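What's in start33.cif: mmCIF, C-alpha atoms and all ligand atoms
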data_query
loop_
_atom_site.label_atom_id
_atom_site.label_comp_id
_atom_site.auth_asym_id
_atom_site.auth_seq_id
_atom_site.Cartn_x
_atom_site.Cartn_y
_atom_site.Cartn_z
CA MET A 206 126.02 44.80 99.45
CA LYS A 207 122.49 45.43 98.25
CA THR A 208 121.25 42.49 100.32
CA ILE A 209 123.06 43.71 103.44
CA SER A 210 121.49 47.18 103.22
CA ALA A 211 118.07 45.60 102.63
CA ILE A 212 118.56 43.52 105.80
CA LEU A 213 119.65 46.64 107.70
CA VAL A 214 116.59 48.55 106.55
CA ALA A 215 114.37 45.63 107.54
CA LEU A 216 116.06 45.48 110.96
CA LEU A 217 115.63 49.22 111.49
CA LEU A 218 111.96 48.97 110.55
CA LEU A 219 111.54 46.12 113.00
CA LEU A 220 113.27 48.04 115.81
CA ASN A 221 111.17 51.12 115.08
CA GLY A 222 108.03 49.04 115.15
CA ASN A 223 109.01 47.65 118.54
CA ALA A 224 109.81 51.12 119.86
CA THR A 225 106.33 52.32 118.94
CA PHE A 226 104.83 49.28 120.60
CA ALA A 227 106.83 49.90 123.79
CA GLN A 228 105.53 53.47 124.02
CA ASP A 229 101.91 52.32 124.07
CA THR A 230 101.71 48.97 125.78
CA GLN A 231 97.90 49.20 125.93
CA ASP A 232 97.65 49.35 122.16
CA ASP A 233 95.34 46.37 121.75
CA GLY A 234 93.03 48.23 119.38
CA SER A 235 90.28 48.67 121.97
CA LEU A 236 88.74 52.06 122.82
CA PHE A 237 88.89 51.82 126.60
CA TYR A 238 89.15 49.70 129.74
CA ASP A 239 86.09 49.88 131.97
CA SER A 240 87.02 50.84 135.53
CA HIS A 241 83.43 50.68 136.76
CA LEU A 242 81.18 47.83 135.66
CA HIS A 243 78.36 46.04 137.48
CA LEU A 244 77.68 42.58 136.08
CA THR A 245 74.53 42.27 138.20
CA ASN A 246 71.85 44.66 139.46
CA TYR A 247 69.96 45.36 142.71
CA ILE A 248 68.13 42.04 142.43
CA GLN A 249 71.33 40.13 141.54
CA LYS A 250 70.47 39.59 137.90
CA GLY A 251 72.59 40.27 134.84
CA PRO A 252 74.22 38.65 131.82
CA SER A 253 76.69 35.79 132.18
CA ILE A 254 80.33 36.79 131.88
CA ARG A 255 80.47 35.13 128.45
CA ASP A 256 77.51 37.20 127.23
CA PHE A 257 79.14 40.31 128.67
CA MET A 258 82.35 39.48 126.76
CA LYS A 259 80.30 39.53 123.55
CA VAL A 260 79.03 42.99 124.52
CA MET A 261 82.65 44.16 125.12
CA GLY A 262 83.65 42.77 121.74
CA ASP A 263 86.86 44.38 120.48
CA LYS A 264 85.74 47.83 121.70
CA VAL A 265 86.52 47.26 125.39
CA GLY A 266 89.85 45.59 126.11
CA ARG A 267 89.62 45.04 129.87
CA SER A 268 87.04 45.60 132.59
CA THR A 269 86.47 45.55 136.31
CA LEU A 270 83.81 43.06 137.37
CA PHE A 271 81.51 43.45 140.35
CA GLY A 272 77.94 42.96 141.36
CA ILE A 273 76.04 45.21 143.71
CA PRO A 274 76.43 44.39 147.40
CA LEU A 275 72.87 45.44 148.15
CA GLN A 276 69.77 43.39 147.44
CA GLN A 277 66.35 45.01 147.14
CA GLN A 278 63.98 42.98 149.27
CA TRP A 279 60.73 42.01 147.55
CA SER A 280 58.31 42.74 150.34
CA TRP A 281 54.88 41.35 149.69
CA MET A 282 53.52 43.67 152.34
CA ASN A 283 54.90 46.67 150.46
CA SER A 284 54.24 45.89 146.80
CA GLY A 285 52.39 42.56 146.55
CA GLU A 286 52.71 41.03 143.07
CA ASP A 287 54.64 44.09 141.87
CA ALA A 288 58.19 42.72 142.12
CA PRO A 289 60.73 45.56 142.48
CA LYS A 290 63.72 45.55 140.12
CA TYR A 291 65.34 48.77 141.33
CA TYR A 292 65.82 50.39 144.73
CA LEU A 293 63.37 53.17 143.87
CA ASP A 294 60.65 50.64 143.00
CA SER A 295 59.84 49.85 146.62
CA ASP A 296 59.87 51.25 150.14
CA ALA A 297 61.21 47.92 151.41
CA PRO A 298 64.83 47.98 152.64
CA LEU A 299 68.04 46.91 150.92
CA TYR A 300 70.27 44.40 152.65
CA TYR A 301 73.90 43.23 152.22
CA TYR A 302 73.98 40.22 149.91
CA SER A 303 77.35 38.57 150.49
CA PHE A 304 76.76 35.75 148.01
CA THR A 305 77.49 38.27 145.24
CA ASP A 306 81.22 37.63 145.78
CA ALA A 307 80.89 33.88 145.26
CA TYR A 308 78.77 34.50 142.18
CA ILE A 309 81.33 36.88 140.63
CA ALA A 310 84.19 34.46 141.42
CA GLU A 311 82.32 31.55 139.84
CA GLN A 312 81.63 33.56 136.69
CA PHE A 313 85.30 34.57 136.44
CA ASN A 314 86.52 31.03 137.04
CA GLU A 315 84.58 29.79 134.02
CA LEU A 316 86.99 31.68 131.77
CA THR A 317 90.21 30.45 130.18
CA GLU A 318 93.49 31.86 131.57
CA ASP A 319 93.74 34.20 128.58
CA GLU A 320 90.20 35.48 128.96
CA LYS A 321 90.73 36.05 132.69
CA LYS A 322 93.44 38.60 131.85
CA ARG A 323 90.69 40.94 130.66
CA PHE A 324 88.93 41.16 134.04
CA GLU A 325 89.52 42.62 137.51
CA PRO A 326 86.92 41.05 139.83
CA MET A 327 86.13 43.01 142.98
CA ILE A 328 84.80 42.02 146.41
CA THR A 329 81.72 43.98 147.45
CA GLY A 330 79.55 41.78 149.70
CA PHE A 331 80.45 43.22 153.10
CA ASN A 332 78.71 45.62 155.44
CA PRO A 333 81.06 48.62 155.90
CA ALA A 334 79.46 49.32 159.29
CA ASP A 335 80.49 45.88 160.60
CA MET A 336 83.78 45.55 162.50
CA TYR A 337 83.95 42.02 161.03
CA ALA A 338 83.84 43.28 157.42
CA PHE A 339 87.61 42.83 157.01
CA ASP A 340 87.27 39.14 157.92
CA HIS A 341 84.80 38.70 155.07
CA ILE A 342 87.27 40.23 152.62
CA LYS A 343 90.09 37.89 153.72
CA ARG A 344 87.77 34.86 153.70
CA VAL A 345 86.64 35.60 150.14
CA LEU A 346 90.25 35.97 148.94
CA LEU A 347 91.30 32.64 150.43
CA THR A 348 88.15 30.81 149.29
CA PHE A 349 88.66 32.04 145.71
CA PRO A 350 92.44 32.48 145.35
CA GLY A 351 93.75 34.03 142.16
CA VAL A 352 90.49 35.85 141.47
CA PHE A 353 90.06 39.26 143.11
CA SER A 354 91.90 42.52 142.44
CA GLY A 355 90.17 44.86 144.85
CA ILE A 356 87.09 45.83 146.83
CA GLY A 357 84.14 47.91 145.66
CA GLU A 358 82.26 49.64 144.38
CA PHE A 359 80.87 49.87 147.87
CA THR A 360 78.96 52.79 149.26
CA ILE A 361 78.95 55.03 152.31
CA HIS A 362 76.87 58.10 151.40
CA LYS A 363 74.65 57.69 148.35
CA GLU A 364 71.52 59.66 147.60
CA PHE A 365 68.33 57.64 148.29
CA VAL A 366 70.31 54.40 148.79
CA SER A 367 72.17 54.69 152.12
CA SER A 368 69.03 55.50 154.08
CA LYS A 369 67.31 52.38 152.69
CA VAL A 370 69.95 49.91 153.91
CA ALA A 371 68.71 47.72 156.77
CA GLY A 372 70.62 47.98 160.05
CA GLU A 373 73.16 50.55 161.19
CA VAL A 374 73.71 53.29 158.63
CA ALA A 375 77.19 53.43 157.04
CA SER A 376 79.45 56.30 158.10
CA LEU A 377 82.80 57.77 157.06
CA ARG A 378 83.61 58.05 160.77
CA ASN A 379 82.97 54.40 161.62
CA PRO A 380 86.17 52.57 162.71
CA ALA A 381 84.80 49.54 160.85
CA LEU A 382 85.45 51.45 157.62
CA ASP A 383 89.00 52.22 158.75
CA THR A 384 89.58 48.50 159.27
CA VAL A 385 88.34 47.83 155.73
CA PHE A 386 90.67 50.48 154.28
CA SER A 387 93.70 49.30 156.23
CA THR A 388 93.03 45.67 155.29
CA ALA A 389 92.91 46.73 151.63
CA GLY A 390 96.19 48.60 152.07
CA GLU A 391 97.88 45.67 153.83
CA ILE A 392 96.85 43.18 151.10
CA GLY A 393 97.22 45.56 148.14
CA LEU A 394 93.56 45.60 147.10
CA VAL A 395 92.39 48.52 144.96
CA VAL A 396 89.44 50.30 146.62
CA ILE A 397 86.51 51.74 144.62
CA LEU A 398 84.44 53.88 146.98
CA HIS A 399 81.14 55.57 146.25
CA ASN A 400 80.67 58.53 148.52
CA ASP A 401 78.60 61.54 147.53
CA ILE A 402 80.22 64.90 148.23
CA ASN A 403 76.94 66.27 149.50
CA LYS A 404 73.30 65.64 150.37
CA PRO A 405 70.81 65.40 147.50
CA TYR A 406 69.19 68.79 148.21
CA PRO A 407 71.67 70.53 150.52
CA LYS A 408 70.50 73.34 152.75
CA THR A 409 72.71 76.24 153.70
CA TYR A 410 72.79 75.12 157.34
CA THR A 411 74.09 71.58 156.55
CA GLN A 412 77.69 70.56 155.93
CA ASN A 413 78.89 68.51 152.97
CA TYR A 414 80.92 65.29 153.32
CA LEU A 415 84.21 66.60 151.95
CA LYS A 416 86.08 66.99 155.22
CA ASP A 417 85.14 63.53 156.47
CA VAL A 418 86.09 61.87 153.19
CA TRP A 419 89.47 63.65 153.03
CA ASP A 420 90.16 62.68 156.67
CA LEU A 421 89.36 59.06 155.82
CA PHE A 422 91.66 59.08 152.77
CA ARG A 423 94.47 60.74 154.73
CA ARG A 424 94.28 58.08 157.42
CA HIS A 425 95.07 55.43 154.75
CA PRO A 426 98.00 56.61 152.63
CA GLU A 427 99.02 52.99 151.93
CA THR A 428 95.72 52.19 150.18
CA THR A 429 95.09 52.73 146.46
CA ILE A 430 91.74 54.50 146.24
CA ILE A 431 89.43 55.29 143.33
CA TRP A 432 86.74 57.79 144.30
CA ALA A 433 83.79 56.82 142.12
CA HIS A 434 82.02 59.47 140.04
CA CYS A 435 84.19 62.25 141.55
CA GLY A 436 81.65 62.19 144.40
CA LEU A 437 78.72 63.24 142.18
CA GLY A 438 75.28 61.73 141.73
CA ARG A 439 72.00 61.99 139.88
CA VAL A 440 70.92 64.95 141.99
CA VAL A 441 74.15 65.46 143.94
CA ALA A 442 75.43 68.27 141.77
CA PRO A 443 79.02 69.53 141.60
CA VAL A 444 79.72 71.83 144.54
CA LYS A 445 80.60 75.42 143.73
CA ASP A 446 84.26 75.30 142.69
CA GLN A 447 84.22 71.53 142.14
CA VAL A 448 87.27 71.76 139.91
CA VAL A 449 89.09 73.89 142.50
CA PHE A 450 88.55 71.41 145.33
CA MET A 451 89.58 68.53 143.05
CA GLU A 452 92.74 70.38 142.07
CA ASP A 453 93.48 71.01 145.76
CA MET A 454 93.18 67.26 146.34
CA LEU A 455 95.34 66.42 143.32
CA ASP A 456 98.07 68.82 144.47
CA ASP A 457 97.99 67.56 148.06
CA PRO A 458 100.83 65.05 148.65
CA SER A 459 98.84 63.46 151.50
CA LEU A 460 96.19 62.46 148.93
CA SER A 461 98.47 61.22 146.15
CA HIS A 462 97.01 57.70 146.53
CA VAL A 463 93.51 58.93 145.55
CA HIS A 464 92.18 58.73 141.98
CA PHE A 465 88.88 59.81 140.45
CA ASP A 466 86.60 57.88 138.14
CA ILE A 467 84.41 59.80 135.71
CA SER A 468 81.96 56.92 135.26
CA TRP A 469 78.15 57.18 135.05
CA ASP A 470 76.06 59.04 132.49
CA GLU A 471 74.88 61.22 135.39
CA VAL A 472 78.48 62.47 135.79
CA ALA A 473 79.05 62.82 132.05
CA LYS A 474 75.97 65.06 131.87
CA TYR A 475 77.70 67.61 134.16
CA ILE A 476 81.05 67.44 132.38
CA VAL A 477 79.69 67.84 128.85
CA SER A 478 77.00 70.36 129.87
CA SER A 479 78.91 73.25 128.26
CA ASP A 480 82.11 73.96 126.30
CA GLU A 481 83.34 75.81 129.38
CA ALA A 482 82.83 72.75 131.64
CA VAL A 483 84.59 70.45 129.14
CA LYS A 484 87.50 72.88 128.92
CA LYS A 485 87.87 73.20 132.71
CA VAL A 486 87.75 69.44 133.28
CA ALA A 487 90.08 68.70 130.34
CA GLU A 488 92.64 71.19 131.65
CA LEU A 489 92.43 69.65 135.11
CA MET A 490 92.95 66.16 133.66
CA ASN A 491 95.78 67.29 131.39
CA ARG A 492 97.55 68.71 134.46
CA HIS A 493 97.05 65.41 136.36
CA PRO A 494 96.93 62.69 133.69
CA ASP A 495 97.72 59.83 136.08
CA ARG A 496 94.80 60.41 138.44
CA PHE A 497 91.64 59.84 136.39
CA LEU A 498 89.95 56.70 135.08
CA PHE A 499 87.12 56.27 132.65
CA GLY A 500 84.36 53.79 133.45
CA THR A 501 80.80 53.27 132.27
CA ASP A 502 78.96 52.36 135.52
CA GLU A 503 76.67 50.29 133.33
CA VAL A 504 74.64 47.64 135.15
CA GLY A 505 74.40 44.22 133.49
CA PRO A 506 74.85 45.47 129.91
CA THR A 507 73.41 43.23 127.20
CA ASP A 508 73.63 45.55 124.21
CA GLN A 509 76.87 47.01 122.85
CA GLU A 510 75.33 50.21 121.55
CA LYS A 511 73.84 51.03 124.96
CA TYR A 512 77.06 49.96 126.68
CA MET A 513 79.03 52.52 124.63
CA LYS A 514 76.65 55.36 125.57
CA VAL A 515 78.77 56.97 128.32
CA TYR A 516 81.96 56.66 126.27
CA ASN A 517 80.21 58.38 123.35
CA MET A 518 78.78 61.11 125.61
CA TYR A 519 82.39 62.01 126.48
CA GLU A 520 83.33 62.63 122.82
CA PRO A 521 83.92 66.38 123.46
CA LEU A 522 86.17 65.50 126.42
CA TRP A 523 88.23 62.97 124.44
CA LYS A 524 88.84 65.67 121.83
CA ALA A 525 89.87 68.22 124.46
CA LEU A 526 92.45 65.95 126.16
CA THR A 527 96.03 65.58 124.97
CA PRO A 528 96.55 62.18 123.28
CA GLU A 529 98.71 61.12 126.25
CA THR A 530 96.09 62.05 128.86
CA SER A 531 93.30 60.48 126.83
CA GLU A 532 95.20 57.18 126.60
CA LYS A 533 95.89 57.17 130.34
CA VAL A 534 92.31 57.98 131.32
CA ARG A 535 90.84 55.40 128.93
CA LYS A 536 93.37 52.62 129.53
CA GLY A 537 96.80 53.37 130.97
CA ASN A 538 95.79 54.23 134.54
CA PHE A 539 93.53 51.18 134.75
CA ALA A 540 96.40 48.96 133.60
CA ARG A 541 98.91 50.58 135.95
CA LEU A 542 96.77 50.42 139.12
CA PHE A 543 95.50 46.87 138.65
CA ASP A 544 98.72 45.40 137.25
CA GLU A 545 100.61 46.80 140.23
CA ALA A 546 98.02 45.51 142.70
CA LYS A 547 97.69 41.90 141.57
CA PRO A 548 101.16 40.49 142.37
CA LYS A 549 100.85 41.84 145.94
CA ILE A 550 97.40 40.28 146.39
CA ARG A 551 98.55 36.92 144.99
CA ALA A 552 101.56 36.99 147.35
CA TRP A 553 99.27 37.68 150.33
CA GLU A 554 97.01 34.77 149.31
CA GLU A 555 100.04 32.48 149.01
CA ALA A 556 101.41 33.55 152.41
CA ASN A 557 98.03 33.02 154.12
CA LYS A 558 97.00 29.82 152.34
CA GLY A 559 95.13 27.41 154.62
CA LYS A 560 94.35 30.02 157.27
CA LEU A 561 90.76 30.38 158.39
CA PHE A 562 89.25 33.82 158.86
ZN ZN A 601 78.50 51.94 140.16
#

Output the structure of this file as structure tokens.
Ligand SMILES: [Zn+2]
Amino acid sequence: MKTISAILVALLLLLNGNATFAQDTQDDGSLFYDSHLHLTNYIQKGPSIRDFMKVMGDKVGRSTLFGIPLQQQWSWMNSGEDAPKYYLDSDAPLYYYSFTDAYIAEQFNELTEDEKKRFEPMITGFNPADMYAFDHIKRVLLTFPGVFSGIGEFTIHKEFVSSKVAGEVASLRNPALDTVFSTAGEIGLVVILHNDINKPYPKTYTQNYLKDVWDLFRRHPETTIIWAHCGLGRVVAPVKDQVVFMEDMLDDPSLSHVHFDISWDEVAKYIVSSDEAVKKVAELMNRHPDRFLFGTDEVGPTDQEKYMKVYNMYEPLWKALTPETSEKVRKGNFARLFDEAKPKIRAWEEANKGKLF
């Protein structure tokens, strides 16, 4: 009898243990999943994926993986021996560097099947003002099957960057961008879009970009969208009533496919600027726990302490969120969006195998 009850107790313990595990499927001991990570910079340099995995360590369970689609030209005429490393280092233009996609795919394909499960590689090397951009996306998928989970971060309006890009300037109104969004929707690719809400130093007589970006999102209800940095930038400050317009978006059923990432130390600086700001943002997130993702927006991190900077900046926010919201923002929403996307993308690749785009 004693033995039977001991077995029963052991069984109950086991079942309880499993129940706890089922409640939190992301419980791998890591602090967060990184929804916004650039492996390479504006001159296409960065750590190898294996070195980056060392930087993730056991602190970061999973991560997106993308380069930067824009290359800063080293113009001898502009800077001579002074080789630019950043887009603000030179007056020379940026241009679309499509090889970034092959580079990211090659890095990913060096990993074991188990290691691959930690990464969501993204296609970025297309010109969003080119009506052929969607062909590039399909070509990359079929050239590197089993690799990519989405497209982005790619940029339409970005302070100091968009105006430097060679060729036709990107626009939210360009039908080429609509083709990119509908292709992503058709295939199931997650979209990470950078689009500032406003100009760097807005004047009272200019309009912000909100209406155009909402119109774009509404035209593509079938596409899973992550709006990077909540539309903010280094000098693109939150518009008056930022939280109100975000809540309007979150409550709008025609925008239920849109999510926000709170990546970038430049965004964290606004959110943690005061107890009042933390409280407002935390309340907004607690009301809409499924719609926010944390990311670092680090570029080619080589040092774990520096890599954790944005996560640590958000300490007051993590404390202000309910445990459920915090888990979703740090991990759960990342897992849900990408785990839902991948089977669809793999099925599209299978169905289109051998086709040439
Ligand atoms: Zn970024």

Cut-off 7 Å: closest chain A/ligand ZN 601 (chain A) atom pairs per residue, using all atoms listed in the file, as JSON lines:
{"residue": "A:His241", "atom": "CA", "partner": "A:ZN601", "partner_atom": "ZN", "distance": 6.1}
{"residue": "A:Leu242", "atom": "CA", "partner": "A:ZN601", "partner_atom": "ZN", "distance": 6.7}
{"residue": "A:His243", "atom": "CA", "partner": "A:ZN601", "partner_atom": "ZN", "distance": 6.5}
{"residue": "A:Glu358", "atom": "CA", "partner": "A:ZN601", "partner_atom": "ZN", "distance": 6.1}
{"residue": "A:Asp502", "atom": "CA", "partner": "A:ZN601", "partner_atom": "ZN", "distance": 4.7}

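Straight-line separation from CA of Lys322 in chain A to CA of His493 in chain A: 27.4 Å.
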
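The smallest atom-to-atom distance between Tyr519 in chain A and any of A:Tyr406, A:Tyr300, A:Phe539, A:Trp469, using all atoms listed in the file, is found for A:Trp469.
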
- Query: Within 12 Å of Ser367 in chain A, counting only C-alpha atoms, which residues qualify if same-chain residues fewer than 3 places away don't, as a ChimeraX atom specification?
  - Reply: /A:275,292,298-301,332-334,359-364,370-376,399-401,404-405

Applying 10 Å and all atoms listed in the file, which residues near Ile309 in chain A remain after dropping the ones on its own chain fewer than 3 positions away? List them as a compact mmCIF listing (two decimals) with C-alpha atoms, in the coordinates of the input.
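Full text of result_0.txt as output:
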# COMPACT_ATOMS: atom_id res chain seq x y z
CA LEU A 244 77.68 42.58 136.08
CA THR A 245 74.53 42.27 138.20
CA SER A 253 76.69 35.79 132.18
CA ILE A 254 80.33 36.79 131.88
CA LEU A 270 83.81 43.06 137.37
CA PHE A 271 81.51 43.45 140.35
CA GLY A 272 77.94 42.96 141.36
CA PHE A 304 76.76 35.75 148.01
CA THR A 305 77.49 38.27 145.24
CA ASP A 306 81.22 37.63 145.78
CA GLN A 312 81.63 33.56 136.69
CA PHE A 313 85.30 34.57 136.44
CA ASN A 314 86.52 31.03 137.04
CA PRO A 326 86.92 41.05 139.83
CA MET A 327 86.13 43.01 142.98
CA ILE A 328 84.80 42.02 146.41
CA THR A 329 81.72 43.98 147.45
CA VAL A 352 90.49 35.85 141.47
CA PHE A 353 90.06 39.26 143.11

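When CA of Lys369 in chain A is paired with CA of Gly330 in chain A, their separation reads 16.5 Å.
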
- Item | Given only C-alpha atoms as the counted atoms, nearest of A:Ala487, A:Ala525, A:Ile430, A:Ile550 to Ser461 in chain A | A:Ile430

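Each of A:His462, A:Asp383, A:Asn403, A:Lys416 was checked against Tyr337 in chain A using only C-alpha atoms; the smallest atom-to-atom distance is that of A:Asp383.
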
- Task: Would you kindly return, as an NGL selection string, each protein, DNA or RNA residue with an atom no farther than 12 Å from any atom of Lys474 in chain A, considering only C-alpha atoms and excluding same-chain residues fewer than 6 positions away?
- Result: :A and (434 or 437-440 or 442-443 or 467-468 or 482-483 or 514-522)

- All residues 9 Å or closer to Leu293 in chain A, all atoms listed in the file, same chain fewer than 4 positions away omitted, as an MDAnalysis selection string: chainID A and resid 289 365:366

Once you have the residues from the selection above, write them out as a PDB file, in the frame of the given file, restricted to C-alpha atoms.
ATOM      1  CA  PRO A 289      60.730  45.560 142.480  1.00  0.00           C
ATOM      2  CA  PHE A 365      68.330  57.640 148.290  1.00  0.00           C
ATOM      3  CA  VAL A 366      70.310  54.400 148.790  1.00  0.00           C
TER       4      VAL A 366
END

- Query: Interatomic distance between CA of Leu394 in chain A and CA of Leu455 in chain A?
  - Reply: 21.2 Å
